Amino acid sequence: MTNQLYLKDTYLFESGAKILECKKDEKDVPYVLLDQTIFYPQGGGQPCDHGKIIGNNFEYAVSNVRQIEEKIRHYVELSQDSFQNPPGNCAVKCVVDKDRRLLNARYHTAGHLLGNVVEELHPALKAQKCHAFPGEAHIEFLGIEMPGEQLLSEKLRNAIAKNLQTKIFEMNRREFESTWYKLPYEIPENKKFRLVQIGNYPPIPCGGTHVTSLKEISKITLSKIKSKNGILKISFGVT
Ligand SMILES: [Zn+2]
């Protein structure tokens with residue numbers, strides 16, 4: 001398993017790594033496997049990081065990152081038509097696109113906050129999924145209640161003004177469920193039970209990247225609140 005440095009520090013934009021393998025996938029698209037990575041692979045409603053993998057005599061632009069089973073594939077765009085094959089354990093420098101990482105972390109954290117605030121105001125509504133891609137971000141709740149836009153916006157503004165902090169920690173699942181709430185879904189046994197918590201809101205299992213303080217989000221705008229067939233959908237943006 002690649003050492004996932006992005007889980008430990010959202011603000012680590014550069015790091016060293018070693019190339020373990022350069023391969024091509026079933027569609028002939030080249031990718032690189034590293035021993036450790038600062039690149040977030042797309043998943044959990046959050047886009048992947050972009051950036052560069054820089055070696056002694058080559059530089060790969062990373063345009064897509066995916067986790068396939070235990071391996072994190074860094075898909076690379078080639079400036080030359082040949083895919084150089086660096087020797088195993090070749091040392092490289094990795095650089096992620098800082099602006100993209102931070103924008104994604106702001107959106108993703110905003111999604112968590114919106115989920116927390118809606119569930120606090122309307123305990124009958126349960127967040128089901130969050131799609132935090134900039135420009136198309138929305139969160140869906142199971143339930144028929146309809147929150148008022150004004151009160152919701154005010155609560156979000158207040159939480160950001162208080163600059164609530166996010167905390168990342170790990171906890172045994174049983175201990176978590178006896179302290180907080182029963183999870184409505186299963187988590188594979190081999191997955192780390194990593195939790196993110198904003199202020200004193202209930203923590204949520206998550207493997208994404210988050211900003212550490214809510215002021216970094218700046219402002220959350222609610223663009224649409226719609227309820228249909230027992231699903232409430234709230235579209236949002238971060239500015
Ligand atoms: Zn998260």
# chains A, B, ... in the order shown; residues from 1 in each chain; ligands from 1
>>> closest_atom_pairs(of="chain A", to="ligand 1", cutoff="9 Å", atoms="only C-alpha atoms and all ligand atoms", output="Markdown table")
| residue | atom | partner | partner_atom_place_in_ligand_line | distance |
| --- | --- | --- | --- | --- |
| A:Gly44 | CA | ligand 1 | 1 (Zn) | 7.7 |
| A:Gly45 | CA | ligand 1 | 1 (Zn) | 8.9 |
| A:Gln46 | CA | ligand 1 | 1 (Zn) | 8.6 |
| A:Ala105 | CA | ligand 1 | 1 (Zn) | 8.4 |
| A:His108 | CA | ligand 1 | 1 (Zn) | 6.0 |
| A:Thr109 | CA | ligand 1 | 1 (Zn) | 6.2 |
| A:Gly111 | CA | ligand 1 | 1 (Zn) | 8.0 |
| A:His112 | CA | ligand 1 | 1 (Zn) | 6.5 |
| A:Leu195 | CA | ligand 1 | 1 (Zn) | 8.1 |
| A:Val196 | CA | ligand 1 | 1 (Zn) | 6.3 |
| A:Gln197 | CA | ligand 1 | 1 (Zn) | 9.0 |
| A:Ile204 | CA | ligand 1 | 1 (Zn) | 7.4 |
| A:Pro205 | CA | ligand 1 | 1 (Zn) | 7.4 |
| A:Cys206 | CA | ligand 1 | 1 (Zn) | 4.5 |
| A:Gly207 | CA | ligand 1 | 1 (Zn) | 6.0 |
| A:Gly208 | CA | ligand 1 | 1 (Zn) | 4.5 |
| A:Thr209 | CA | ligand 1 | 1 (Zn) | 6.2 |
| A:His210 | CA | ligand 1 | 1 (Zn) | 6.2 |
>>> residues_around(residues="Ile144 of chain A", least_positions_apart="4", cutoff="7 Å", atoms="only C-alpha atoms", output="list in words")
Ser227, Gly230, Ile231 and Leu232 of chain A
>>> select_by_dssp(residues="segment 47-225 of chain A", states="alpha helix (DSSP H)", output="MDAnalysis selection string")
chainID A and resid 98:121 149:161 173:179
>>> write_last_selection(atoms="C-alpha atoms", output="compact mmCIF listing (two decimals), in the first residue's frame")
# COMPACT_ATOMS: atom_id res chain seq x y z
CA LYS A 98 -1.61 24.01 -4.40
CA ASP A 99 -4.56 26.14 -5.59
CA ARG A 100 -6.49 23.09 -6.77
CA ARG A 101 -5.76 21.17 -3.55
CA LEU A 102 -6.91 24.05 -1.36
CA LEU A 103 -10.04 24.75 -3.42
CA ASN A 104 -11.00 21.07 -3.22
CA ALA A 105 -10.31 20.99 0.53
CA ARG A 106 -12.44 24.11 1.04
CA TYR A 107 -15.33 22.65 -0.94
CA HIS A 108 -15.03 19.30 0.78
CA THR A 109 -14.94 20.82 4.26
CA ALA A 110 -17.89 23.07 3.34
CA GLY A 111 -19.84 19.91 2.44
CA HIS A 112 -19.15 18.47 5.90
CA LEU A 113 -20.21 21.68 7.60
CA LEU A 114 -23.40 21.89 5.57
CA GLY A 115 -24.21 18.28 6.51
CA ASN A 116 -23.58 18.99 10.19
CA VAL A 117 -25.65 22.18 10.24
CA VAL A 118 -28.63 20.68 8.39
CA GLU A 119 -28.67 17.61 10.67
CA GLU A 120 -28.44 19.86 13.73
CA LEU A 121 -31.42 21.97 12.58
CA GLU A 149 -32.42 29.00 3.26
CA GLN A 150 -32.04 32.06 5.49
CA LEU A 151 -31.55 30.21 8.76
CA LEU A 152 -29.23 27.71 7.14
CA SER A 153 -27.07 30.44 5.62
CA GLU A 154 -26.94 32.24 8.96
CA LYS A 155 -25.79 29.07 10.79
CA LEU A 156 -23.10 28.48 8.17
CA ARG A 157 -21.90 32.09 8.43
CA ASN A 158 -21.78 31.84 12.23
CA ALA A 159 -19.75 28.62 12.19
CA ILE A 160 -17.25 30.21 9.79
CA ALA A 161 -17.14 33.45 11.81
CA ARG A 173 -15.53 1.64 15.26
CA ARG A 174 -17.28 0.11 18.27
CA GLU A 175 -16.08 2.92 20.51
CA PHE A 176 -17.20 5.45 17.91
CA GLU A 177 -20.71 4.01 17.67
CA SER A 178 -21.16 3.88 21.43
CA THR A 179 -19.98 7.51 21.77
>>> atom_distance(atom1="atom CA of Ala61 of chain A", atom2="atom CA of Cys94 of chain A")
10.0 Å
>>> select_by_dssp(residues="segment 109-187 of chain A", states="strand (DSSP E)", output="list in words")
Lys126, Ala127, Gln128, Lys129, Cys130, His131, His138, Ile139, Glu140, Phe141, Leu142, Thr166, Lys167, Ile168, Phe169 and Glu170 of chain A
>>> write_last_selection(atoms="C-alpha atoms", output="PDB file, in the first residue's frame")
ATOM      1  CA  LYS A 126     -29.703  12.338   7.276  1.00  0.00           C
ATOM      2  CA  ALA A 127     -26.833  13.222   4.949  1.00  0.00           C
ATOM      3  CA  GLN A 128     -26.413  10.459   2.379  1.00  0.00           C
ATOM      4  CA  LYS A 129     -23.821  11.670  -0.046  1.00  0.00           C
ATOM      5  CA  CYS A 130     -21.788  14.697  -0.885  1.00  0.00           C
ATOM      6  CA  HIS A 131     -20.444  15.634  -4.287  1.00  0.00           C
ATOM      7  CA  HIS A 138     -24.287  19.370  -3.788  1.00  0.00           C
ATOM      8  CA  ILE A 139     -25.239  17.259  -0.831  1.00  0.00           C
ATOM      9  CA  GLU A 140     -28.194  14.896  -0.546  1.00  0.00           C
ATOM     10  CA  PHE A 141     -30.183  14.069   2.568  1.00  0.00           C
ATOM     11  CA  LEU A 142     -32.711  11.369   3.183  1.00  0.00           C
ATOM     12  CA  THR A 166     -11.443  20.613  12.112  1.00  0.00           C
ATOM     13  CA  LYS A 167      -9.858  17.668  13.860  1.00  0.00           C
ATOM     14  CA  ILE A 168      -8.731  14.396  12.311  1.00  0.00           C
ATOM     15  CA  PHE A 169      -8.435  11.305  14.469  1.00  0.00           C
ATOM     16  CA  GLU A 170      -8.788   7.554  14.448  1.00  0.00           C
TER      17      GLU A 170
END
>>> closest_residue(among="A:Gln165, A:Asn200, A:Ser15, A:Asn3", to="Ile54 of chain A", atoms="only C-alpha atoms")
A:Ser15
>>> residues_around(residues="Ser235 of chain A", least_positions_apart="3", cutoff="6 Å", atoms="only C-alpha atoms", output="PyMOL selection string")
chain A and resi 137-138+222-224
>>> atom_distance(atom1="atom CA of Lys219 of chain A", atom2="atom CA of Phe236 of chain A")
10.3 Å
>>> closest_residue(among="A:His74, A:Lys162, A:Arg66, A:Lys233", to="Met146 of chain A", atoms="only C-alpha atoms")
A:Lys233
>>> atom_distance(atom1="atom CA of Ile68 of chain A", atom2="atom CA of Pro41 of chain A")
9.5 Å
>>> residues_around(residues="segment 21-33 of chain A", least_positions_apart="6", cutoff="7 Å", atoms="only C-alpha atoms", output="VMD selection string")
chain A and resid 72 to 76 85 88
>>> closest_residue(among="A:Asn163, A:Asn89, A:Asn64, A:Asn229", to="Ile198 of chain A", atoms="only C-alpha atoms")
A:Asn163
>>> closest_residue(among="A:Thr10, A:Met1, A:Lys182, A:Asp97", to="Gln67 of chain A", atoms="only C-alpha atoms")
A:Met1
